[in-house]
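One file, start_28.pdb, is given below (PDB, C-alpha atoms).
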```
ATOM      1  CA  MET A   1     -25.384   3.860   2.719
ATOM      2  CA  VAL A   2     -21.676   4.521   2.883
ATOM      3  CA  LEU A   3     -21.305   4.026  -0.811
ATOM      4  CA  ARG A   4     -23.958   6.606  -1.578
ATOM      5  CA  ASP A   5     -22.461   9.028   0.940
ATOM      6  CA  CYS A   6     -19.115   8.632  -0.736
ATOM      7  CA  ASN A   7     -20.387   9.504  -4.152
ATOM      8  CA  PRO A   8     -20.654  13.319  -4.031
ATOM      9  CA  VAL A   9     -17.260  13.577  -2.361
ATOM     10  CA  TYR A  10     -15.875  11.299  -4.982
ATOM     11  CA  ALA A  11     -17.389  13.339  -7.797
ATOM     12  CA  VAL A  12     -16.112  16.678  -6.513
ATOM     13  CA  VAL A  13     -12.680  15.338  -5.719
ATOM     14  CA  ALA A  14     -12.429  13.358  -8.943
ATOM     15  CA  GLY A  15     -13.527  16.302 -11.063
ATOM     16  CA  ASP A  16     -10.726  18.598  -9.997
ATOM     17  CA  ARG A  17      -7.854  16.413  -9.101
ATOM     18  CA  TYR A  18      -8.002  13.547 -11.489
ATOM     19  CA  HIS A  19      -6.530  15.705 -14.208
ATOM     20  CA  SER A  20      -4.565  18.319 -12.354
ATOM     21  CA  ALA A  21      -2.924  16.537  -9.425
ATOM     22  CA  PRO A  22      -0.343  14.535 -11.348
ATOM     23  CA  CYS A  23       0.572  17.719 -13.265
ATOM     24  CA  ARG A  24       1.329  19.834 -10.203
ATOM     25  CA  PRO A  25       4.940  18.708  -9.778
ATOM     26  CA  GLY A  26       5.393  19.942 -13.373
ATOM     27  CA  LEU A  27       5.222  23.483 -12.036
ATOM     28  CA  GLY A  28       8.428  22.973 -10.089
ATOM     29  CA  LEU A  29       9.966  20.857 -12.814
ATOM     30  CA  ALA A  30       9.907  23.580 -15.444
ATOM     31  CA  PHE A  31       9.316  26.942 -13.775
ATOM     32  CA  ALA A  32      11.152  27.030 -10.447
ATOM     33  CA  PRO A  33      14.675  28.469 -10.422
ATOM     34  CA  LYS A  34      17.564  26.081  -9.930
ATOM     35  CA  ASP A  35      19.266  25.479  -6.605
ATOM     36  CA  TYR A  36      22.597  27.301  -6.148
ATOM     37  CA  LEU A  37      24.274  24.284  -4.591
ATOM     38  CA  GLN A  38      22.631  21.246  -6.136
ATOM     39  CA  GLY A  39      21.854  22.618  -9.591
ATOM     40  CA  ASN A  40      18.903  21.075 -11.342
ATOM     41  CA  SER A  41      18.917  17.714  -9.556
ATOM     42  CA  TYR A  42      17.047  19.371  -6.687
ATOM     43  CA  ARG A  43      13.924  19.380  -8.931
ATOM     44  CA  ILE A  44      13.369  15.846  -7.659
ATOM     45  CA  ILE A  45      12.237  17.535  -4.417
ATOM     46  CA  PHE A  46       8.852  18.255  -6.011
ATOM     47  CA  ILE A  47       8.041  14.563  -6.011
ATOM     48  CA  HIS A  48      10.359  13.337  -3.253
ATOM     49  CA  VAL A  49       9.039  15.490  -0.410
ATOM     50  CA  PRO A  50       5.310  15.094  -1.243
ATOM     51  CA  THR A  51       5.545  11.299  -1.530
ATOM     52  CA  ALA A  52       7.562  11.027   1.696
ATOM     53  CA  PHE A  53       5.140  13.373   3.480
ATOM     54  CA  LEU A  54       2.102  11.441   2.260
ATOM     55  CA  ALA A  55       3.708   8.092   3.098
ATOM     56  CA  GLN A  56       3.978   9.109   6.761
ATOM     57  CA  SER A  57       0.670  10.939   6.811
ATOM     58  CA  ILE A  58      -1.172   7.901   5.414
ATOM     59  CA  TYR A  59       0.441   5.731   8.055
ATOM     60  CA  ILE A  60      -0.796   8.039  10.822
ATOM     61  CA  MET A  61      -4.299   7.928   9.320
ATOM     62  CA  MET A  62      -4.089   4.128   9.210
ATOM     63  CA  ALA A  63      -2.979   4.036  12.844
ATOM     64  CA  SER A  64      -5.940   6.237  13.875
ATOM     65  CA  ALA A  65      -8.247   3.900  11.960
ATOM     66  CA  ALA A  66      -6.579   0.946  13.677
ATOM     67  CA  VAL A  67      -7.486   2.437  17.082
ATOM     68  CA  VAL A  68     -11.091   2.751  15.915
ATOM     69  CA  THR A  69     -11.024  -0.876  14.722
ATOM     70  CA  LEU A  70      -9.721  -2.156  18.053
ATOM     71  CA  VAL A  71     -11.770   0.033  20.385
ATOM     72  CA  TRP A  72     -15.107   0.531  18.639
ATOM     73  CA  ARG A  73     -14.943  -2.424  16.212
ATOM     74  CA  MET A  74     -16.081  -0.252  13.321
ATOM     75  CA  LYS A  75     -15.904  -2.155  10.075
ATOM     76  CA  LEU A  76     -15.397   1.006   8.046
ATOM     77  CA  ALA A  77     -12.108   1.761   9.827
ATOM     78  CA  ASP A  78     -10.781  -1.625   8.788
ATOM     79  CA  VAL A  79     -12.016  -1.036   5.237
ATOM     80  CA  PHE A  80      -9.995   2.180   5.223
ATOM     81  CA  VAL A  81      -6.829   0.487   6.473
ATOM     82  CA  LYS A  82      -7.142  -2.249   3.882
ATOM     83  CA  ALA A  83      -7.926   0.178   1.055
ATOM     84  CA  VAL A  84      -5.101   2.666   1.612
ATOM     85  CA  ALA A  85      -2.240   0.342   2.584
ATOM     86  CA  PRO A  86      -1.204  -0.309  -1.056
ATOM     87  CA  VAL A  87      -1.350   3.447  -1.758
ATOM     88  CA  GLY A  88       0.963   4.074   1.192
ATOM     89  CA  LEU A  89       3.273   1.329  -0.031
ATOM     90  CA  VAL A  90       3.555   2.934  -3.474
ATOM     91  CA  PHE A  91       4.193   6.397  -1.993
ATOM     92  CA  THR A  92       6.863   5.057   0.369
ATOM     93  CA  PHE A  93       8.543   3.222  -2.472
ATOM     94  CA  LEU A  94       8.435   6.388  -4.602
ATOM     95  CA  SER A  95      10.025   8.506  -1.889
ATOM     96  CA  LEU A  96      12.795   5.927  -1.397
ATOM     97  CA  PHE A  97      13.371   5.590  -5.114
ATOM     98  CA  THR A  98      13.444   9.320  -5.839
ATOM     99  CA  GLY A  99      15.652   9.804  -2.771
ATOM    100  CA  ALA A 100      18.123   7.225  -4.041
ATOM    101  CA  VAL A 101      18.240   8.767  -7.511
ATOM    102  CA  TRP A 102      18.626  12.208  -5.960
ATOM    103  CA  GLY A 103      21.379  10.928  -3.687
ATOM    104  CA  LYS A 104      23.573   9.788  -6.565
ATOM    105  CA  PRO A 105      24.402  13.260  -7.985
ATOM    106  CA  THR A 106      24.153  15.015  -4.596
ATOM    107  CA  TRP A 107      25.799  12.666  -2.079
ATOM    108  CA  GLY A 108      27.654  10.480  -4.584
ATOM    109  CA  THR A 109      25.847   7.335  -3.498
ATOM    110  CA  TRP A 110      22.503   5.647  -4.150
ATOM    111  CA  TRP A 111      22.047   4.389  -0.633
ATOM    112  CA  VAL A 112      23.513   4.772   2.840
ATOM    113  CA  TRP A 113      22.342   2.986   5.974
ATOM    114  CA  ASP A 114      21.680   6.160   7.873
ATOM    115  CA  ALA A 115      18.797   6.789  10.246
ATOM    116  CA  ARG A 116      16.378   8.571   7.905
ATOM    117  CA  LEU A 117      16.778   6.150   5.017
ATOM    118  CA  THR A 118      16.650   3.047   7.180
ATOM    119  CA  SER A 119      13.593   4.154   9.135
ATOM    120  CA  MET A 120      11.858   4.942   5.835
ATOM    121  CA  LEU A 121      12.719   1.451   4.585
ATOM    122  CA  ILE A 122      11.152   0.041   7.746
ATOM    123  CA  LEU A 123       8.006   2.024   6.915
ATOM    124  CA  LEU A 124       7.959   0.298   3.517
ATOM    125  CA  PHE A 125       8.194  -3.090   5.244
ATOM    126  CA  LEU A 126       5.425  -2.105   7.673
ATOM    127  CA  TYR A 127       3.102  -1.315   4.764
ATOM    128  CA  GLY A 128       4.085  -4.571   3.063
ATOM    129  CA  GLY A 129       3.620  -6.465   6.319
ATOM    130  CA  ALA A 130       0.138  -5.037   6.868
ATOM    131  CA  ILE A 131      -0.926  -6.043   3.342
ATOM    132  CA  ALA A 132       0.603  -9.510   3.636
ATOM    133  CA  LEU A 133      -0.902 -10.147   7.085
ATOM    134  CA  ASP A 134      -4.341  -9.140   5.877
ATOM    135  CA  ARG A 135      -4.097 -11.531   2.928
ATOM    136  CA  ALA A 136      -2.741 -14.365   5.065
ATOM    137  CA  ILE A 137      -5.754 -14.472   7.420
ATOM    138  CA  ASN A 138      -9.006 -15.619   5.868
ATOM    139  CA  ASP A 139     -11.360 -14.618   8.654
ATOM    140  CA  GLU A 140     -12.322 -10.988   8.157
ATOM    141  CA  LYS A 141     -12.558 -10.071  11.848
ATOM    142  CA  SER A 142      -9.318 -11.679  12.987
ATOM    143  CA  ALA A 143      -7.516 -10.197   9.984
ATOM    144  CA  ALA A 144      -8.824  -6.750  10.892
ATOM    145  CA  ARG A 145      -7.637  -7.073  14.487
ATOM    146  CA  ALA A 146      -4.220  -8.490  13.602
ATOM    147  CA  VAL A 147      -3.567  -5.780  11.005
ATOM    148  CA  ALA A 148      -4.701  -3.081  13.437
ATOM    149  CA  VAL A 149      -2.265  -4.323  16.088
ATOM    150  CA  LEU A 150       0.587  -4.455  13.574
ATOM    151  CA  VAL A 151      -0.163  -0.938  12.322
ATOM    152  CA  LEU A 152      -0.330   0.396  15.889
ATOM    153  CA  VAL A 153       2.961  -1.220  16.883
ATOM    154  CA  GLY A 154       4.569   0.226  13.780
ATOM    155  CA  VAL A 155       3.461   3.760  14.556
ATOM    156  CA  VAL A 156       6.488   4.091  16.835
ATOM    157  CA  ASN A 157       8.494   4.326  13.616
ATOM    158  CA  ILE A 158       6.864   7.625  12.603
ATOM    159  CA  PRO A 159       8.528   9.885  15.226
ATOM    160  CA  ILE A 160      11.772   8.024  14.537
ATOM    161  CA  ILE A 161      11.520   9.012  10.871
ATOM    162  CA  LYS A 162      10.569  12.565  11.805
ATOM    163  CA  TYR A 163      13.364  13.177  14.283
ATOM    164  CA  SER A 164      15.986  10.901  12.764
ATOM    165  CA  VAL A 165      17.669  13.896  11.111
ATOM    166  CA  GLU A 166      17.930  15.654  14.477
ATOM    167  CA  TRP A 167      18.768  12.746  16.780
ATOM    168  CA  TRP A 168      21.484  11.214  14.669
ATOM    169  CA  ASN A 169      24.151  12.467  12.325
ATOM    170  CA  THR A 170      22.689  11.710   8.937
ATOM    171  CA  LEU A 171      23.489  12.550   5.358
ATOM    172  CA  HIS A 172      19.876  13.579   4.939
ATOM    173  CA  GLN A 173      19.138  17.267   5.336
ATOM    174  CA  PRO A 174      16.716  18.455   8.048
ATOM    175  CA  ALA A 175      13.101  19.319   7.262
ATOM    176  CA  THR A 176      12.544  22.026   4.697
ATOM    177  CA  PHE A 177       9.266  23.191   6.218
ATOM    178  CA  LYS A 178       8.562  23.938   9.824
ATOM    179  CA  LEU A 179       5.222  25.136  11.118
ATOM    180  CA  THR A 180       6.797  27.795  13.264
ATOM    181  CA  GLU A 181       9.306  29.280  10.842
ATOM    182  CA  LYS A 182       9.321  30.923   7.459
ATOM    183  CA  PRO A 183      10.545  28.496   4.800
ATOM    184  CA  SER A 184      14.192  28.970   3.938
ATOM    185  CA  MET A 185      13.556  28.518   0.222
ATOM    186  CA  PRO A 186      12.350  31.252  -2.146
ATOM    187  CA  VAL A 187       8.650  31.576  -2.966
ATOM    188  CA  GLU A 188       9.163  30.162  -6.478
ATOM    189  CA  MET A 189      10.342  26.928  -4.884
ATOM    190  CA  TRP A 190       8.061  26.404  -1.927
ATOM    191  CA  VAL A 191       4.793  27.320  -3.620
ATOM    192  CA  PRO A 192       5.137  24.539  -6.239
ATOM    193  CA  LEU A 193       6.251  22.185  -3.476
ATOM    194  CA  LEU A 194       3.206  23.002  -1.382
ATOM    195  CA  LEU A 195       0.955  22.587  -4.422
ATOM    196  CA  SER A 196       2.531  19.195  -5.111
ATOM    197  CA  VAL A 197       1.779  18.084  -1.572
ATOM    198  CA  LEU A 198      -1.783  19.360  -1.904
ATOM    199  CA  GLY A 199      -2.266  17.687  -5.288
ATOM    200  CA  LEU A 200      -0.975  14.387  -3.977
ATOM    201  CA  TYR A 201      -3.334  14.656  -0.984
ATOM    202  CA  LEU A 202      -6.273  15.120  -3.351
ATOM    203  CA  LEU A 203      -5.122  12.190  -5.440
ATOM    204  CA  PHE A 204      -4.890  10.135  -2.276
ATOM    205  CA  GLY A 205      -8.426  11.214  -1.310
ATOM    206  CA  TRP A 206      -9.780  10.041  -4.639
ATOM    207  CA  LEU A 207      -7.884   6.750  -4.465
ATOM    208  CA  ALA A 208      -9.039   6.151  -0.890
ATOM    209  CA  CYS A 209     -12.727   6.758  -1.788
ATOM    210  CA  LEU A 210     -12.538   4.539  -4.859
ATOM    211  CA  ARG A 211     -10.683   1.698  -3.143
ATOM    212  CA  MET A 212     -12.978   1.850  -0.108
ATOM    213  CA  LYS A 213     -16.010   1.606  -2.377
ATOM    214  CA  THR A 214     -14.570  -1.521  -3.984
ATOM    215  CA  GLU A 215     -13.854  -3.048  -0.596
ATOM    216  CA  ILE A 216     -17.327  -2.250   0.752
ATOM    217  CA  VAL A 217     -19.057  -3.720  -2.305
ATOM    218  CA  MET A 218     -16.958  -6.870  -1.967
ATOM    219  CA  ARG A 219     -17.735  -7.276   1.718
ATOM    220  CA  GLU A 220     -21.415  -6.387   1.587
ATOM    221  CA  GLN A 221     -22.300  -8.104  -1.684
ATOM    222  CA  LYS A 222     -24.897 -10.281   0.037
ATOM    223  CA  THR A 223     -26.881  -7.287   1.285
ATOM    224  CA  ARG A 224     -29.871  -5.892  -0.526
ATOM    225  CA  TRP A 225     -28.609  -2.314  -0.816
ATOM    226  CA  VAL A 226     -25.474  -3.372  -2.657
ATOM    227  CA  ARG A 227     -27.566  -5.607  -4.896
ATOM    228  CA  GLU A 228     -29.862  -2.704  -5.769
ATOM    229  CA  LEU A 229     -26.907  -0.403  -6.349
ATOM    230  CA  VAL A 230     -25.078  -2.844  -8.602
ATOM    231  CA  MET A 231     -28.195  -3.766 -10.578
ATOM    232  CA  ALA A 232     -28.974  -0.073 -11.094
ATOM    233  CA  GLY A 233     -25.496   0.312 -12.576
ATOM    234  CA  ARG A 234     -24.414   2.913 -10.003
ATOM    235  CA  GLY A 235     -21.370   3.070  -7.785
TER     236      GLY A 235
ATOM    237  CA  MET B 236      10.501  28.866 -17.614
ATOM    238  CA  ALA B 237      13.801  28.531 -15.778
ATOM    239  CA  PHE B 238      15.423  27.187 -18.935
ATOM    240  CA  ASP B 239      16.577  28.923 -22.114
ATOM    241  CA  SER B 240      15.598  26.173 -24.517
ATOM    242  CA  PHE B 241      13.782  22.868 -24.644
ATOM    243  CA  SER B 242      17.036  20.942 -25.013
ATOM    244  CA  ALA B 243      18.376  22.662 -21.893
ATOM    245  CA  PHE B 244      15.165  21.602 -20.143
ATOM    246  CA  ILE B 245      15.773  17.974 -21.164
ATOM    247  CA  ALA B 246      19.485  18.018 -20.300
ATOM    248  CA  MET B 247      19.144  19.865 -16.938
ATOM    249  CA  GLU B 248      22.874  20.572 -17.059
ATOM    250  CA  GLY B 249      23.790  16.933 -16.820
ATOM    251  CA  HIS B 250      21.212  16.061 -14.169
ATOM    252  CA  GLY B 251      18.553  15.195 -16.756
ATOM    253  CA  PRO B 252      18.757  11.394 -16.464
ATOM    254  CA  TYR B 253      18.279  11.556 -12.682
ATOM    255  CA  VAL B 254      15.436  14.052 -12.748
ATOM    256  CA  TRP B 255      13.614  12.470 -15.662
ATOM    257  CA  ALA B 256      14.012   8.942 -14.296
ATOM    258  CA  CYS B 257      12.349  10.087 -11.070
ATOM    259  CA  TYR B 258       9.489  11.842 -12.826
ATOM    260  CA  ALA B 259       8.981   8.891 -15.182
ATOM    261  CA  VAL B 260       8.773   6.335 -12.368
ATOM    262  CA  PHE B 261       6.509   8.686 -10.397
ATOM    263  CA  ALA B 262       4.152   9.091 -13.369
ATOM    264  CA  VAL B 263       4.124   5.394 -14.276
ATOM    265  CA  LEU B 264       3.457   4.216 -10.722
ATOM    266  CA  LEU B 265       0.724   6.781 -10.030
ATOM    267  CA  VAL B 266      -1.056   6.207 -13.336
ATOM    268  CA  GLY B 267      -0.689   2.467 -12.742
ATOM    269  CA  LEU B 268      -2.155   2.764  -9.254
ATOM    270  CA  MET B 269      -5.066   4.849 -10.522
ATOM    271  CA  SER B 270      -5.910   2.552 -13.427
ATOM    272  CA  TRP B 271      -5.431  -0.590 -11.338
ATOM    273  CA  SER B 272      -7.793   0.748  -8.662
ATOM    274  CA  SER B 273     -10.503   1.815 -11.099
ATOM    275  CA  ARG B 274     -10.237  -1.391 -13.152
ATOM    276  CA  HIS B 275     -10.427  -3.500 -10.009
ATOM    277  CA  HIS B 276     -13.535  -1.573  -8.978
ATOM    278  CA  GLN B 277     -15.197  -2.129 -12.340
ATOM    279  CA  ALA B 278     -14.281  -5.821 -12.282
ATOM    280  CA  VAL B 279     -15.794  -6.254  -8.811
ATOM    281  CA  MET B 280     -18.986  -4.471  -9.879
ATOM    282  CA  ALA B 281     -19.229  -6.591 -13.039
ATOM    283  CA  SER B 282     -18.715  -9.883 -11.210
ATOM    284  CA  CYS B 283     -21.336  -8.915  -8.615
ATOM    285  CA  LYS B 284     -23.793  -8.063 -11.364
ATOM    286  CA  ARG B 285     -23.150 -11.381 -13.110
ATOM    287  CA  ARG B 286     -23.754 -13.294  -9.883
ATOM    288  CA  TYR B 287     -26.977 -11.400  -9.141
ATOM    289  CA  GLN B 288     -28.255 -12.061 -12.658
ATOM    290  CA  GLN B 289     -27.429 -15.764 -12.331
ATOM    291  CA  GLN B 290     -29.229 -15.914  -8.996
ATOM    292  CA  GLU B 291     -32.236 -14.159 -10.453
ATOM    293  CA  SER B 292     -32.505 -16.477 -13.469
ATOM    294  CA  SER B 293     -32.058 -19.597 -11.345
ATOM    295  CA  THR B 294     -34.615 -18.578  -8.708
ATOM    296  CA  SER B 295     -37.190 -17.593 -11.325
ATOM    297  CA  ALA B 296     -36.629 -20.823 -13.311
ATOM    298  CA  ARG B 297     -36.657 -23.340 -10.475
ATOM    299  CA  PRO B 298     -40.200 -22.952  -9.114
ATOM    300  CA  LYS B 299     -41.607 -23.281 -12.615
ATOM    301  CA  GLN B 300     -39.809 -26.572 -13.231
ATOM    302  CA  ALA B 301     -40.891 -27.918  -9.904
ATOM    303  CA  ALA B 302     -44.460 -26.979 -10.656
ATOM    304  CA  THR B 303     -44.356 -28.648 -14.056
ATOM    305  CA  PHE B 304     -42.815 -31.751 -12.557
ATOM    306  CA  ALA B 305     -45.452 -31.870  -9.850
ATOM    307  CA  ARG B 306     -48.235 -31.453 -12.362
ATOM    308  CA  VAL B 307     -46.871 -34.261 -14.512
ATOM    309  CA  GLU B 308     -46.646 -36.465 -11.432
ATOM    310  CA  VAL B 309     -50.215 -35.669 -10.500
ATOM    311  CA  SER B 310     -51.588 -36.237 -13.986
ATOM    312  CA  GLN B 311     -49.836 -39.594 -14.237
ATOM    313  CA  GLU B 312     -51.388 -40.766 -11.068
TER     314      GLU B 312
END
```
Can you dump the structure from the file as structure tokens?
Amino acid sequence: MVLRDCNPVYAVVAGDRYHSAPCRPGLGLAFAPKDYLQGNSYRIIFIHVPTAFLAQSIYIMMASAAVVTLVWRMKLADVFVKAVAPVGLVFTFLSLFTGAVWGKPTWGTWWVWDARLTSMLILLFLYGGAIALDRAINDEKSAARAVAVLVLVGVVNIPIIKYSVEWWNTLHQPATFKLTEKPSMPVEMWVPLLLSVLGLYLLFGWLACLRMKTEIVMREQKTRWVRELVMAGRG
Amino acid sequence: MAFDSFSAFIAMEGHGPYVWACYAVFAVLLVGLMSWSSRHHQAVMASCKRRYQQQESSTSARPKQAATFARVEVSQE
């Protein structure tokens, strides 16, 4: 059922974004004007901010799914958590990596143990921990519950990341976008940035659908509907 | 374009290595993630199909053998 429901979404999403999403940061890479203070190194923002944004956003989605797993025992919520955790891990790593490379020409250092960077590193470990814990427990139901608890405990890290630049003195600059204010950057900079975030969201949607399908087929391979689907060559 | 020439685009006024390293790692990891996910999906589908086909051939073959065996037994008696 779920697999078939996923298909149209998957087709629509895959059609557009598969080709265009990874190209979106290119808009900022080549066409946006350079920053008056940081020169051209600021162009890293077009991949740094979207990956960091997605890394936290995916974690919040995982935490919501973890609540569903614990309260309503829905298997699909656990499938989601399991399917997207590696995607979140890659995005978190990317934001840390691009941040470090950006830091070298801007701050003069690859890494500092300040609040924003450290809390982001903890997010990376939380993703890694969730994946490792899931693999360490053989029983599907206990693994689901243990991972859900870990993800929920870790959600306390998200507001720490968000407000770390305001609560503590950090090298990291405060948020570029606020919901209540006009962005402080020119249109030529924030439009590509917004498109990058959007493109990465679409890419994430496609990855989540695909990885969830794989997980569902693996879990339900003894059922008749999966058998029919696989034998018909669909999915 | 915000750059005068292609070489200026590559150099980025000295920031080229940083910017291009970031974009390269970004591209490699995302393409890797996409191809890993779709290959894993195809592999899972293929292994399921193989198992179903094995099950089908073994279940369709077994009753026949049993029947033949039984018939031989009966005819010998």
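Of the listed residues (B:His250, B:Leu268, B:Ala259, B:Arg286), B:His250 comes nearest to A:Lys104; the distances count all atoms listed in the file.
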Taking only C-alpha atoms into account, which residues of chain B are within 6 Å of chain A, as a VMD selection string? chain B and resid 236 to 237 247 250 253 to 254 257 276
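For the file at hand, the PyMOL selection byres ((chain A and resi 115) around 10) resolves to Val112, Trp113, Asp114, Arg116, Leu117, Thr118, Ser119, Met120, Leu121, Ile160, Ile161, Tyr163, Ser164, Val165, Glu166, Trp167, Trp168, Asn169, Thr170, Leu171 and His172 of chain A.
Rounded to one decimal, atom CA of B:Leu264 and atom CA of A:Ser57 lie 19.0 Å from each other.
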As AutoDock Vina command-line options, what would the box around stretch 158-166 of chain A look like: edges along x, y and z, 5 Å added on every side, centre and edge lengths in Å to one decimal?
```
--center_x 12.4 --center_y 11.6 --center_z 13.0 --size_x 21.1 --size_y 18.0 --size_z 14.4
```
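One distance worth recording is that between atom CA of B:His275 and atom CA of A:Cys209, which is 13.3 Å.
Atom pair atom CA of A:Val191 / atom CA of A:Leu54 has a distance of 17.1 Å (rounded to one decimal).
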Within 12 Å of (0.4, -10.9, 7.1) (file coordinates; only C-alpha atoms), which protein or nucleic acid residues are there? I'd like them as a PyMOL selection string. chain A and resi 82+125-138+142-151
